Amino acid sequence: MFQYRQGFYFIYIIITLFYVILLSRLPQNILNISVPLIVFSDPSMLGLFFIGGIIMLEKTQGIINCIIVTPLRVHEYILSKLISLTIIAVLAGFFITAITYGFSVNWLLLTLVITLTSVFFTLTGFLISANCSTLNQYFIKMIPWMLILIIPCFSILEFKYSYLFTVIPSVSLLKLLIGAFNGINLYLALILIIYMCVINYYFLLRVKKVFEEKILYGGQ
């Protein structure tokens, strides 16, 4: 299991370095949009792709079943994944931003948004994995979720009624992230942050219930 985890993180490092190289070759005048998009995709990919792989491997190797006979509680297991992946996402986001864009960003907002984004997509990955038994099955079921969450992000192009898409969590997160680079109304930022905190908390409660019913005890 440790070797598999190392493999996941190695791939993630390679992809992050690829992002940095790609952004370094783009014109300076489009970095204020391209960098937020890349930073947004980084924790999204980490949370959605990697948590599924980790859960599937731990499930097939019987590691998750061991939780039943240990003092470790379900919410502690979930939080351990959230914290570890979020720390990696924040560090990667800082690295990409500092190297390709510089330091003229709202670092506090950037940290909050990367954290909220990582937590949201990681919890989404937990929910998808609940009904999967293999890694291939997870990736297949992940595709509709990706379409639902990513396609509405094109609403940042601001067409008629595009503001209605802000109710979709991924759109709210992307708007906040762009705001960290280009500025955002304080009240709008606060509303979106509170909204995402509520969404993530609901997802956390939902994941705990689903994890117990379908992954932990459902696998018995």
# chains A, B, ... in the order shown; residues from 1 in each chain; ligands from 1
>>> residues_around(residues="Ser118 of chain A", least_positions_apart="3", cutoff="8 Å", atoms="only C-alpha atoms", output="list in words")
Pro43, Ser44, Leu46, Gly47, Leu82, Leu85, Thr86, Ala89, Ile114, Thr115, Phe121 and Thr122 of chain A
>>> write_last_selection(atoms="all heavy atoms", output="compact mmCIF listing (two decimals), in the first residue's frame")
# COMPACT_ATOMS: atom_id res chain seq x y z
N PRO A 43 -5.95 21.03 -6.80
CA PRO A 43 -6.60 20.34 -5.66
C PRO A 43 -7.82 19.55 -6.10
O PRO A 43 -8.18 18.56 -5.46
CB PRO A 43 -6.98 21.49 -4.72
CG PRO A 43 -7.07 22.69 -5.59
CD PRO A 43 -6.03 22.50 -6.65
N SER A 44 -8.46 19.99 -7.20
CA SER A 44 -9.60 19.23 -7.72
C SER A 44 -9.16 17.84 -8.14
O SER A 44 -9.78 16.83 -7.81
CB SER A 44 -10.23 19.96 -8.91
OG SER A 44 -10.55 21.30 -8.58
N LEU A 46 -6.35 16.32 -7.29
CA LEU A 46 -5.83 15.59 -6.14
C LEU A 46 -6.96 14.97 -5.32
O LEU A 46 -6.91 13.80 -4.96
CB LEU A 46 -4.99 16.51 -5.27
CG LEU A 46 -4.36 15.88 -4.02
CD1 LEU A 46 -3.33 14.84 -4.41
CD2 LEU A 46 -3.71 16.95 -3.14
N GLY A 47 -7.98 15.78 -5.05
CA GLY A 47 -9.08 15.29 -4.23
C GLY A 47 -9.93 14.25 -4.92
O GLY A 47 -10.26 13.21 -4.33
N LEU A 82 -8.66 14.04 4.55
CA LEU A 82 -8.91 15.44 4.19
C LEU A 82 -7.71 16.32 4.53
O LEU A 82 -7.28 17.14 3.71
CB LEU A 82 -10.16 15.96 4.91
CG LEU A 82 -11.50 15.38 4.49
CD1 LEU A 82 -12.61 15.95 5.37
CD2 LEU A 82 -11.79 15.69 3.03
N LEU A 85 -4.43 15.42 2.27
CA LEU A 85 -4.56 15.85 0.88
C LEU A 85 -4.66 17.36 0.76
O LEU A 85 -4.16 17.96 -0.20
CB LEU A 85 -5.77 15.18 0.23
CG LEU A 85 -5.66 13.67 0.02
CD1 LEU A 85 -6.95 13.11 -0.58
CD2 LEU A 85 -4.48 13.33 -0.87
N THR A 86 -5.31 18.00 1.74
CA THR A 86 -5.43 19.45 1.70
C THR A 86 -4.09 20.13 1.91
O THR A 86 -3.78 21.13 1.24
CB THR A 86 -6.44 19.93 2.78
OG1 THR A 86 -7.73 19.39 2.49
CG2 THR A 86 -6.52 21.45 2.80
N ALA A 89 -2.30 19.93 -1.30
CA ALA A 89 -2.91 20.82 -2.29
C ALA A 89 -2.52 22.28 -2.04
O ALA A 89 -2.21 23.02 -2.98
CB ALA A 89 -4.43 20.67 -2.26
N ILE A 114 -8.23 27.17 -1.68
CA ILE A 114 -7.61 25.88 -1.99
C ILE A 114 -8.05 24.85 -0.95
O ILE A 114 -8.33 23.69 -1.30
CB ILE A 114 -6.07 26.00 -2.00
CG1 ILE A 114 -5.61 26.89 -3.16
CG2 ILE A 114 -5.44 24.60 -2.15
CD1 ILE A 114 -4.11 27.11 -3.19
N THR A 115 -8.14 25.25 0.30
CA THR A 115 -8.59 24.34 1.35
C THR A 115 -10.02 23.88 1.11
O THR A 115 -10.33 22.68 1.16
CB THR A 115 -8.49 25.02 2.73
OG1 THR A 115 -7.14 25.37 3.00
CG2 THR A 115 -9.00 24.10 3.83
N PHE A 121 -13.77 18.40 -3.16
CA PHE A 121 -13.54 17.36 -4.16
C PHE A 121 -13.11 16.04 -3.52
O PHE A 121 -13.43 14.96 -4.04
CB PHE A 121 -12.51 17.82 -5.18
CG PHE A 121 -13.09 18.73 -6.24
CD1 PHE A 121 -12.98 20.10 -6.13
CD2 PHE A 121 -13.75 18.20 -7.32
CE1 PHE A 121 -13.52 20.94 -7.09
CE2 PHE A 121 -14.31 19.02 -8.30
CZ PHE A 121 -14.19 20.40 -8.18
N THR A 122 -12.42 16.10 -2.39
CA THR A 122 -12.06 14.87 -1.69
C THR A 122 -13.30 14.19 -1.13
O THR A 122 -13.46 12.96 -1.25
CB THR A 122 -11.06 15.16 -0.55
OG1 THR A 122 -9.89 15.78 -1.08
CG2 THR A 122 -10.66 13.87 0.15
>>> select_by_dssp(residues="segment 72-143 of chain A", states="helix (DSSP H, G or I)", output="JSON, numbers by chain")
{"A": [74, 75, 76, 77, 78, 79, 80, 81, 82, 83, 84, 85, 86, 87, 88, 89, 90, 91, 92, 93, 94, 95, 96, 97, 98, 99, 100, 107, 108, 109, 110, 111, 112, 113, 114, 115, 116, 117, 118, 119, 120, 121, 122, 123, 124, 125, 126, 127, 128, 129, 135, 136, 137, 138, 139, 140, 141, 142, 143]}
>>> closest_residue(among="A:Leu17, A:Ser133, A:Glu76, A:Val113", to="Ala92 of chain A", atoms="only C-alpha atoms")
A:Leu17
>>> closest_residue(among="A:Ile178, A:Ile14, A:Leu157, A:Ile87", to="Asn32 of chain A", atoms="only C-alpha atoms")
A:Ile178
>>> closest_residue(among="A:Cys197, A:Leu190, A:Leu91, A:Leu23", to="Leu109 of chain A", atoms="only C-alpha atoms")
A:Leu190
>>> closest_atom_pairs(of="segment 83-174 of chain A", to="segment 198-213 of chain A", cutoff="8 Å", atoms="only C-alpha atoms", output="Markdown table")
| residue | atom | partner | partner_atom | distance |
| --- | --- | --- | --- | --- |
| A:Leu116 | CA | A:Asn200 | CA | 7.6 |
| A:Val119 | CA | A:Asn200 | CA | 6.9 |
| A:Phe120 | CA | A:Asn200 | CA | 5.7 |
| A:Leu123 | CA | A:Phe203 | CA | 6.4 |
| A:Thr124 | CA | A:Phe203 | CA | 7.6 |
| A:Phe126 | CA | A:Val207 | CA | 6.5 |
| A:Leu127 | CA | A:Val207 | CA | 6.0 |
| A:Ala130 | CA | A:Phe211 | CA | 6.5 |
| A:Pro169 | CA | A:Ile199 | CA | 7.7 |
>>> residues_around(residues="Leu177 of chain A", least_positions_apart="5", cutoff="10 Å", atoms="only C-alpha atoms", output="PDB file with C-alpha atoms, in the first residue's frame")
ATOM      1  CA  ILE A  33      -6.724  33.830 -15.575  1.00  0.00           C
ATOM      2  CA  VAL A  35      -2.875  30.518 -13.133  1.00  0.00           C
ATOM      3  CA  PRO A  36      -6.163  30.476 -11.134  1.00  0.00           C
ATOM      4  CA  LEU A  37      -7.532  27.838 -13.516  1.00  0.00           C
ATOM      5  CA  VAL A  39      -4.441  26.159  -9.239  1.00  0.00           C
ATOM      6  CA  PHE A  40      -8.150  25.277  -9.198  1.00  0.00           C
ATOM      7  CA  ASN A 106      -4.460  37.621  -1.680  1.00  0.00           C
ATOM      8  CA  LEU A 109      -8.125  34.059   0.387  1.00  0.00           C
ATOM      9  CA  LEU A 110      -5.991  31.767  -1.756  1.00  0.00           C
ATOM     10  CA  THR A 111      -5.340  29.496   1.232  1.00  0.00           C
ATOM     11  CA  LEU A 112      -9.016  29.400   2.180  1.00  0.00           C
ATOM     12  CA  VAL A 113     -10.154  28.632  -1.347  1.00  0.00           C
ATOM     13  CA  ILE A 114      -7.607  25.882  -1.986  1.00  0.00           C
ATOM     14  CA  THR A 117     -11.710  23.161  -2.939  1.00  0.00           C
ATOM     15  CA  VAL A 171     -18.345  27.580  -9.789  1.00  0.00           C
ATOM     16  CA  SER A 172     -18.351  29.317  -6.406  1.00  0.00           C
ATOM     17  CA  ASN A 182      -7.815  39.686  -9.473  1.00  0.00           C
ATOM     18  CA  GLY A 183      -9.778  41.023  -6.531  1.00  0.00           C
ATOM     19  CA  ILE A 184     -13.335  40.306  -5.416  1.00  0.00           C
ATOM     20  CA  ALA A 189     -16.370  36.561  -0.986  1.00  0.00           C
TER      21      ALA A 189
END
